[in-house]
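> Compact mmCIF, C-alpha atoms, file start35.txt:
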# COMPACT_ATOMS: atom_id res chain seq x y z
CA MET A 17 -4.81 16.73 -3.02
CA SER A 18 -2.20 15.97 -0.35
CA ALA A 19 0.33 13.13 -0.32
CA TYR A 20 -0.26 10.05 1.83
CA ALA A 21 1.19 10.77 5.25
CA ASN A 22 3.46 7.80 5.96
CA PRO A 23 4.05 7.39 9.71
CA ALA A 24 6.15 4.24 9.27
CA SER A 25 9.57 5.80 9.84
CA GLY A 26 11.27 5.55 13.21
CA ARG A 27 9.11 2.74 14.61
CA ALA A 28 11.84 0.19 15.29
CA SER A 29 12.42 1.18 18.92
CA PHE A 30 8.72 0.97 19.85
CA VAL A 31 6.19 -1.78 20.54
CA ARG A 32 4.36 -1.49 17.21
CA MET A 33 0.59 -1.91 17.60
CA ASP A 34 -0.42 0.80 15.12
CA PHE A 35 -0.25 -0.77 11.64
CA ASN A 36 -2.28 -4.01 11.95
CA GLU A 37 0.84 -5.99 11.06
CA GLY A 38 0.21 -9.72 11.39
CA PRO A 39 2.35 -12.28 13.22
CA ALA A 40 5.52 -13.01 11.26
CA PRO A 41 6.34 -16.45 9.80
CA ASP A 42 9.31 -18.64 10.72
CA ALA A 43 12.55 -17.15 9.42
CA GLY A 44 13.31 -20.36 7.55
CA LEU A 45 10.44 -19.66 5.16
CA LEU A 46 11.97 -16.35 4.14
CA THR A 47 15.15 -17.66 2.52
CA VAL A 48 15.59 -17.73 -1.26
CA ASP A 49 18.41 -17.39 -3.78
CA LEU A 50 18.74 -13.60 -3.92
CA ARG A 51 20.92 -13.64 -7.00
CA ASP A 52 18.37 -15.68 -8.92
CA CYS A 53 15.51 -13.42 -7.75
CA LEU A 54 17.20 -10.12 -8.44
CA SER A 55 19.28 -10.74 -11.54
CA ARG A 56 16.29 -11.61 -13.75
CA TYR A 57 12.85 -10.19 -14.41
CA PRO A 58 10.23 -11.91 -12.23
CA GLU A 59 8.05 -14.74 -13.42
CA TYR A 60 4.67 -15.34 -11.83
CA GLU A 61 3.73 -18.92 -12.73
CA ALA A 62 4.67 -20.39 -9.33
CA LEU A 63 3.08 -17.45 -7.50
CA ARG A 64 -0.18 -17.79 -9.46
CA ALA A 65 -0.23 -21.55 -8.96
CA GLY A 66 0.32 -21.24 -5.22
CA ALA A 67 -2.39 -18.59 -4.87
CA ALA A 68 -4.81 -20.62 -7.01
CA ARG A 69 -4.36 -23.64 -4.73
CA ALA A 70 -4.55 -21.57 -1.55
CA TYR A 71 -7.67 -19.65 -2.59
CA GLY A 72 -9.42 -22.40 -4.56
CA VAL A 73 -9.73 -20.43 -7.81
CA ASP A 74 -8.56 -20.86 -11.39
CA PRO A 75 -5.21 -19.12 -12.12
CA GLY A 76 -6.94 -17.18 -14.89
CA ARG A 77 -9.00 -15.40 -12.26
CA LEU A 78 -5.90 -14.12 -10.40
CA VAL A 79 -4.10 -10.83 -10.92
CA PRO A 80 -0.89 -10.38 -8.86
CA VAL A 81 -0.63 -6.89 -7.40
CA ASN A 82 1.84 -4.86 -5.36
CA GLY A 83 -0.06 -5.28 -2.12
CA ALA A 84 -3.83 -4.86 -1.78
CA ASP A 85 -3.31 -1.11 -2.25
CA GLU A 86 -2.50 -1.56 -5.94
CA GLY A 87 -5.55 -3.81 -6.26
CA ILE A 88 -7.74 -0.97 -4.98
CA GLN A 89 -6.15 1.43 -7.43
CA LEU A 90 -6.62 -0.88 -10.44
CA LEU A 91 -10.22 -1.70 -9.55
CA LEU A 92 -11.16 1.95 -9.06
CA LYS A 93 -9.46 2.83 -12.34
CA THR A 94 -11.48 0.10 -14.10
CA LEU A 95 -14.84 0.31 -12.34
CA GLY A 96 -15.03 3.64 -10.51
CA GLY A 97 -16.04 6.02 -13.29
CA GLY A 98 -19.52 6.45 -11.88
CA GLY A 99 -18.38 6.84 -8.28
CA LEU A 100 -17.41 4.74 -5.28
CA VAL A 101 -19.93 3.78 -2.58
CA LEU A 102 -17.86 3.49 0.59
CA PRO A 103 -19.11 2.45 4.04
CA VAL A 104 -17.22 4.50 6.63
CA PRO A 105 -15.07 4.47 8.65
CA ALA A 106 -12.87 2.80 6.03
CA PHE A 107 -9.27 2.09 5.09
CA SER A 108 -7.74 5.44 4.12
CA MET A 109 -6.34 4.29 0.77
CA TYR A 110 -9.81 4.05 -0.78
CA ARG A 111 -10.14 7.80 -0.44
CA VAL A 112 -6.52 8.44 -1.48
CA TYR A 113 -6.84 6.51 -4.74
CA ALA A 114 -10.33 7.84 -5.45
CA ASP A 115 -9.00 11.40 -5.13
CA GLN A 116 -6.01 10.62 -7.35
CA LEU A 117 -8.27 9.15 -10.04
CA GLY A 118 -11.01 11.74 -9.76
CA VAL A 119 -13.53 9.13 -8.61
CA PRO A 120 -16.39 10.69 -6.60
CA VAL A 121 -16.93 9.03 -3.23
CA ARG A 122 -20.35 8.54 -1.62
CA GLU A 123 -19.68 7.80 2.05
CA VAL A 124 -22.25 5.64 3.87
CA PRO A 125 -21.90 5.73 7.69
CA MET A 126 -22.03 2.45 9.58
CA ASP A 127 -25.21 1.73 11.53
CA ALA A 128 -25.56 2.09 15.30
CA GLY A 129 -23.90 -1.31 15.84
CA TRP A 130 -20.90 -0.37 13.66
CA ASP A 131 -22.05 -2.71 10.90
CA VAL A 132 -22.58 -1.93 7.21
CA ASP A 133 -25.93 -0.20 6.65
CA VAL A 134 -27.00 -2.35 3.70
CA GLU A 135 -30.13 -0.33 2.89
CA ALA A 136 -28.13 2.88 2.73
CA VAL A 137 -25.47 1.21 0.56
CA LEU A 138 -28.11 -0.03 -1.87
CA ALA A 139 -29.62 3.45 -2.08
CA ALA A 140 -26.33 5.30 -2.63
CA GLU A 141 -25.33 6.28 -6.17
CA GLY A 142 -22.11 4.92 -7.60
CA SER A 143 -20.75 2.47 -10.15
CA VAL A 144 -18.86 0.29 -7.63
CA VAL A 145 -19.38 -0.65 -3.98
CA ALA A 146 -16.45 -1.33 -1.62
CA LEU A 147 -16.98 -3.73 1.28
CA THR A 148 -14.22 -4.75 3.68
CA SER A 149 -14.60 -7.84 5.86
CA PRO A 150 -13.44 -7.64 8.54
CA ASN A 151 -13.58 -3.89 8.26
CA ASN A 152 -10.56 -1.72 8.89
CA PRO A 153 -10.63 0.09 11.33
CA THR A 154 -13.65 -1.38 13.17
CA GLY A 155 -12.67 -5.06 12.90
CA ARG A 156 -16.30 -6.01 12.17
CA ARG A 157 -17.02 -8.77 9.64
CA VAL A 158 -19.70 -8.34 6.97
CA PRO A 159 -22.26 -11.19 7.09
CA GLU A 160 -22.59 -13.25 3.91
CA GLU A 161 -26.25 -12.32 3.51
CA ALA A 162 -25.30 -8.63 3.49
CA VAL A 163 -22.71 -9.28 0.77
CA LEU A 164 -25.26 -11.24 -1.26
CA ARG A 165 -27.85 -8.47 -0.99
CA VAL A 166 -25.38 -5.97 -2.43
CA LEU A 167 -24.30 -8.40 -5.17
CA ARG A 168 -27.92 -9.03 -6.20
CA GLN A 169 -28.27 -5.35 -7.05
CA GLY A 170 -25.93 -6.02 -9.98
CA ARG A 171 -23.27 -3.36 -9.43
CA PRO A 172 -19.60 -4.39 -9.22
CA VAL A 173 -18.58 -5.11 -5.64
CA LEU A 174 -14.98 -4.74 -4.48
CA LEU A 175 -14.75 -7.06 -1.47
CA ASP A 176 -11.59 -6.56 0.55
CA GLU A 177 -10.74 -9.77 2.44
CA THR A 178 -7.31 -8.66 3.60
CA TYR A 179 -8.19 -9.81 7.13
CA GLY A 180 -10.70 -12.54 6.19
CA PRO A 181 -8.78 -15.51 7.66
CA TYR A 182 -8.70 -13.82 11.09
CA CYS A 183 -12.41 -14.60 11.41
CA GLY A 184 -12.46 -17.75 9.25
CA GLN A 185 -14.22 -15.96 6.39
CA ASP A 186 -13.79 -16.90 2.72
CA PHE A 187 -15.97 -15.40 -0.01
CA ALA A 188 -13.94 -16.82 -2.92
CA PRO A 189 -16.56 -19.54 -3.66
CA LEU A 190 -19.03 -16.75 -4.54
CA LEU A 191 -16.93 -15.91 -7.60
CA ARG A 192 -18.44 -18.88 -9.44
CA ASP A 193 -21.94 -17.36 -9.35
CA TRP A 194 -21.28 -13.62 -9.20
CA PRO A 195 -19.29 -12.13 -12.09
CA ASN A 196 -19.77 -8.65 -10.54
CA LEU A 197 -17.62 -9.67 -7.54
CA ALA A 198 -13.91 -8.83 -7.19
CA ILE A 199 -12.00 -9.93 -4.09
CA LEU A 200 -8.80 -8.47 -2.66
CA ARG A 201 -6.33 -10.76 -0.91
CA SER A 202 -2.90 -9.97 0.50
CA LEU A 203 0.00 -11.86 2.05
CA SER A 204 0.79 -8.81 4.20
CA LYS A 205 -1.52 -9.36 7.16
CA VAL A 206 -2.33 -13.06 7.05
CA TYR A 207 1.22 -14.31 6.47
CA GLY A 208 2.84 -11.47 8.41
CA VAL A 209 4.97 -10.03 5.58
CA PRO A 210 3.71 -6.46 4.87
CA GLY A 211 7.16 -5.44 3.63
CA LEU A 212 6.87 -7.98 0.80
CA ARG A 213 4.09 -6.01 -0.95
CA CYS A 214 2.39 -8.98 -2.56
CA GLY A 215 -1.33 -9.48 -3.06
CA PHE A 216 -3.97 -10.55 -5.55
CA VAL A 217 -7.24 -9.56 -7.13
CA LEU A 218 -9.63 -12.50 -7.59
CA ALA A 219 -12.24 -11.82 -10.23
CA SER A 220 -14.05 -13.10 -13.30
CA ARG A 221 -11.83 -13.97 -16.25
CA ASP A 222 -13.15 -10.93 -18.13
CA LEU A 223 -12.39 -8.47 -15.32
CA ALA A 224 -9.03 -10.13 -14.60
CA ALA A 225 -8.06 -9.59 -18.25
CA ARG A 226 -9.03 -5.92 -18.04
CA LEU A 227 -6.94 -5.48 -14.90
CA GLU A 228 -3.99 -7.28 -16.48
CA ALA A 229 -4.06 -4.71 -19.28
CA LEU A 230 -3.76 -1.89 -16.72
CA ARG A 231 -1.21 -3.19 -14.25
CA SER A 232 2.43 -2.29 -14.73
CA PRO A 233 4.72 -5.02 -16.10
CA PHE A 234 6.60 -6.76 -13.27
CA ASN A 235 4.61 -4.85 -10.65
CA VAL A 236 5.41 -7.57 -8.09
CA ASN A 237 9.19 -7.76 -7.76
CA GLY A 238 11.17 -10.96 -8.14
CA LEU A 239 11.90 -11.38 -4.44
CA ALA A 240 8.22 -10.93 -3.54
CA ALA A 241 7.16 -13.39 -6.25
CA ALA A 242 9.58 -16.07 -5.04
CA LEU A 243 8.90 -15.65 -1.33
CA GLY A 244 5.16 -15.30 -1.93
CA ALA A 245 5.07 -18.61 -3.78
CA ARG A 246 7.07 -20.22 -0.97
CA LEU A 247 4.76 -18.92 1.75
CA LEU A 248 1.60 -19.96 -0.07
CA GLU A 249 3.01 -23.45 -0.53
CA GLY A 250 4.95 -24.02 2.66
CA ASP A 251 3.58 -21.87 5.50
CA THR A 252 1.37 -24.44 7.19
CA ARG A 253 1.26 -22.62 10.54
CA PHE A 254 -0.15 -19.23 9.58
CA ARG A 255 -3.64 -20.15 10.83
CA ASP A 256 -2.20 -21.05 14.24
CA ARG A 257 -0.40 -17.70 14.39
CA ILE A 258 -3.45 -15.64 13.51
CA ALA A 259 -5.63 -17.63 15.94
CA ALA A 260 -3.13 -16.84 18.70
CA ALA A 261 -3.17 -13.16 17.70
CA VAL A 262 -6.97 -13.04 17.86
CA ALA A 263 -6.90 -14.69 21.28
CA ALA A 264 -4.37 -12.12 22.53
CA ARG A 265 -6.56 -9.31 21.15
CA ARG A 266 -9.64 -10.69 22.90
CA ALA A 267 -7.83 -10.87 26.23
CA LEU A 268 -6.48 -7.32 25.94
CA GLN A 269 -9.81 -5.91 24.78
CA ARG A 270 -11.51 -7.51 27.77
CA ARG A 271 -8.96 -5.90 30.10
CA VAL A 272 -9.51 -2.49 28.48
CA GLU A 273 -13.28 -2.85 28.90
CA GLU A 274 -12.91 -3.98 32.51
CA ALA A 275 -10.87 -0.83 33.13
CA GLY A 276 -13.91 1.22 32.08
CA TYR A 277 -13.15 2.09 28.47
CA ARG A 278 -15.57 1.75 25.59
CA THR A 279 -14.56 -0.58 22.73
CA ILE A 280 -16.13 -1.93 19.54
CA ALA A 281 -16.58 -5.70 19.20
CA SER A 282 -14.05 -7.04 16.69
CA ASP A 283 -13.60 -10.12 14.49
CA ALA A 284 -9.92 -9.45 13.74
CA HIS A 285 -6.65 -9.05 15.64
CA PHE A 286 -7.23 -5.33 16.18
CA PHE A 287 -9.94 -3.30 17.89
CA LEU A 288 -11.09 0.27 18.42
CA ALA A 289 -11.12 1.73 21.92
CA GLU A 290 -12.21 5.14 23.17
CA LEU A 291 -9.16 5.93 25.29
CA GLY A 292 -9.58 9.71 25.30
CA ARG A 293 -7.87 12.56 23.51
CA GLY A 294 -4.09 12.44 23.63
CA ALA A 295 -3.97 8.73 24.57
CA ALA A 296 -1.88 7.79 21.52
CA ASP A 297 0.70 10.48 22.39
CA ARG A 298 0.89 9.34 26.00
CA LEU A 299 1.39 5.74 24.92
CA ARG A 300 4.11 6.77 22.50
CA GLU A 301 5.95 8.46 25.36
CA ARG A 302 5.84 5.08 27.12
CA GLY A 303 7.17 3.18 24.11
CA VAL A 304 3.94 1.83 22.59
CA LEU A 305 2.48 2.88 19.24
CA VAL A 306 -1.26 2.74 18.51
CA ARG A 307 -3.20 4.40 15.69
CA ASP A 308 -4.87 7.67 16.66
CA MET A 309 -8.21 7.74 14.81
CA ALA A 310 -8.57 11.55 14.90
CA PRO A 311 -9.92 13.54 13.18
CA ALA A 312 -12.51 11.02 11.97
CA MET A 313 -13.01 9.52 15.45
CA PRO A 314 -11.49 11.88 18.05
CA GLY A 315 -10.57 10.17 21.29
CA TRP A 316 -10.52 6.72 19.67
CA CYS A 317 -7.47 4.54 19.00
CA ARG A 318 -7.01 1.40 16.93
CA ILE A 319 -4.91 -1.21 18.71
CA SER A 320 -3.54 -4.23 16.85
CA VAL A 321 -2.19 -7.25 18.69
CA THR A 322 -0.01 -10.09 17.42
CA THR A 323 1.33 -11.59 20.66
CA ASP A 324 0.64 -11.82 24.37
CA ALA A 325 3.89 -9.89 24.89
CA GLU A 326 2.52 -6.94 22.94
CA ALA A 327 -0.71 -7.06 24.95
CA ALA A 328 1.32 -7.04 28.18
CA SER A 329 3.31 -4.02 26.97
CA PHE A 330 0.10 -2.12 26.29
CA GLU A 331 -1.32 -3.03 29.71
CA ASN A 332 1.86 -1.85 31.37
CA ALA A 333 1.98 1.41 29.45
CA PHE A 334 -1.69 2.34 29.61
CA LEU A 335 -3.64 0.39 32.19
CA GLY A 336 -0.74 0.05 34.60
CA GLY A 337 0.33 3.64 34.01
CA ARG A 338 -2.97 5.36 34.80
CA SER A 339 -2.76 7.92 37.56
As a first step, turn the structure in this file into structure tokens.


Amino acid sequence: MSAYANPASGRASFVRMDFNEGPAPDAGLLTVDLRDCLSRYPEYEALRAGAARAYGVDPGRLVPVNGADEGIQLLLKTLGGGGLVLPVPAFSMYRVYADQLGVPVREVPMDAGWDVDVEAVLAAEGSVVALTSPNNPTGRRVPEEAVLRVLRQGRPVLLDETYGPYCGQDFAPLLRDWPNLAILRSLSKVYGVPGLRCGFVLASRDLAARLEALRSPFNVNGLAAALGARLLEGDTRFRDRIAAAVAARRALQRRVEEAGYRTIASDAHFFLAELGRGAADRLRERGVLVRDMAPAMPGWCRISVTTDAEAASFENAFLGGRS
């Protein structure tokens, strides 16, 4: 088992379109009393209350986690003993945590339209199913009827809605009728604060209690708890920011397609494009970072967009720089 390869270092001097980072909030929302946050152990009442209001769930159904990554780890530790059914391509941390925990993974390829193959998912063996909507890296949303079909089978379903607001999706109301549903939410992408490492698992009271017993005490640090509560309460413009990011992505994706490159239709602020082998390296040489999808998808890159300025930088570096 190899360590997670972290490519985050040394990115500051580049146009960063490789990590699906969302548009950042106003700086005024990111000010708190540092001494108060750091000189005491964190308390989560305000954070839970803010998340409960924002997501429309009871606070007893919320488990604060150190980013959605920790939520994946806790859920696999609790539910994954019989194996993980994973539509692919998928977020790499599902495989990383499954390998760490010794959870067998049954990969189910997407269908010809890059959507979840529901019949294949239902037929695959495993004690928990992971669905991500919109999917990372494809950007494709999972229709509600597909989610319901998987839920009706009765197995626990880990539904990752890290990017849900980018397409106006919200499956939290399903929690009332489906105790086998667990939902991942994160402030990282939607509120544009991935460095905060603050997220939540939304689940039944019974499952939430089981996860609480497994999570480390004070897993979300005091600064993240304070700023997270402030963002959930006071960031009234995040939907405008993510709508602008999606619009910028659409415009850039259209330009890439018009230039003759194949792309996959997306419901998020990122998209996959078949730019050819070595494209990510060439873009890096021109100051722009995108995610090279090799070896899983050789020749493909994932491009995330938060602003028109980023889209213009990509056009300059790739479309304007073609020989």

> Quick one, how far is CA of Gly99 (chain A) from CA of Arg213 (chain A)?

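Computed distance, CA of Gly99 (chain A) to CA of Arg213 (chain A), equals 26.9 Å.
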
> Please measure the separation of CA of Ser329 (chain A) and CA of Arg255 (chain A), giving the value in Å to one decimal.

23.9 Å

> So the first atom is CA of Phe216 (chain A) and the second is CA of Ala68 (chain A); what is the distance between them in Å, to one decimal place?

10.2 Å

> Between A:Arg165, A:Arg318, A:Arg270, A:Arg122, single out the one closest to Leu291 (chain A), counting only C-alpha atoms.

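Closest to Leu291 (chain A), using only C-alpha atoms: A:Arg318.
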
> Could you name the residues that touch Pro153 (chain A) at 9 Å or less, counting all atoms listed in the file, but leaving out those on the same chain fewer than 6 positions away, as a PyMOL selection string?

chain A and resi 105-107+286-288+309+318

> Using C-alpha atoms, can you export the residues from the last selection as a PDB file, in the coordinates of the input?


ATOM      1  CA  PRO A 105     -15.070   4.470   8.650  1.00  0.00           C
ATOM      2  CA  ALA A 106     -12.870   2.800   6.030  1.00  0.00           C
ATOM      3  CA  PHE A 107      -9.270   2.090   5.090  1.00  0.00           C
ATOM      4  CA  PHE A 286      -7.230  -5.330  16.180  1.00  0.00           C
ATOM      5  CA  PHE A 287      -9.940  -3.300  17.890  1.00  0.00           C
ATOM      6  CA  LEU A 288     -11.090   0.270  18.420  1.00  0.00           C
ATOM      7  CA  MET A 309      -8.210   7.740  14.810  1.00  0.00           C
ATOM      8  CA  ARG A 318      -7.010   1.400  16.930  1.00  0.00           C
TER       9      ARG A 318
END

> Skip Pro172 (chain A) itself and residues of its chain fewer than 3 positions away, then list as a PyMOL selection string all residues within 12 Å of it, counting all atoms listed in the file.

chain A and resi 91-92+94-101+142-147+163-164+166-169+175+191+194-199+219-220+223
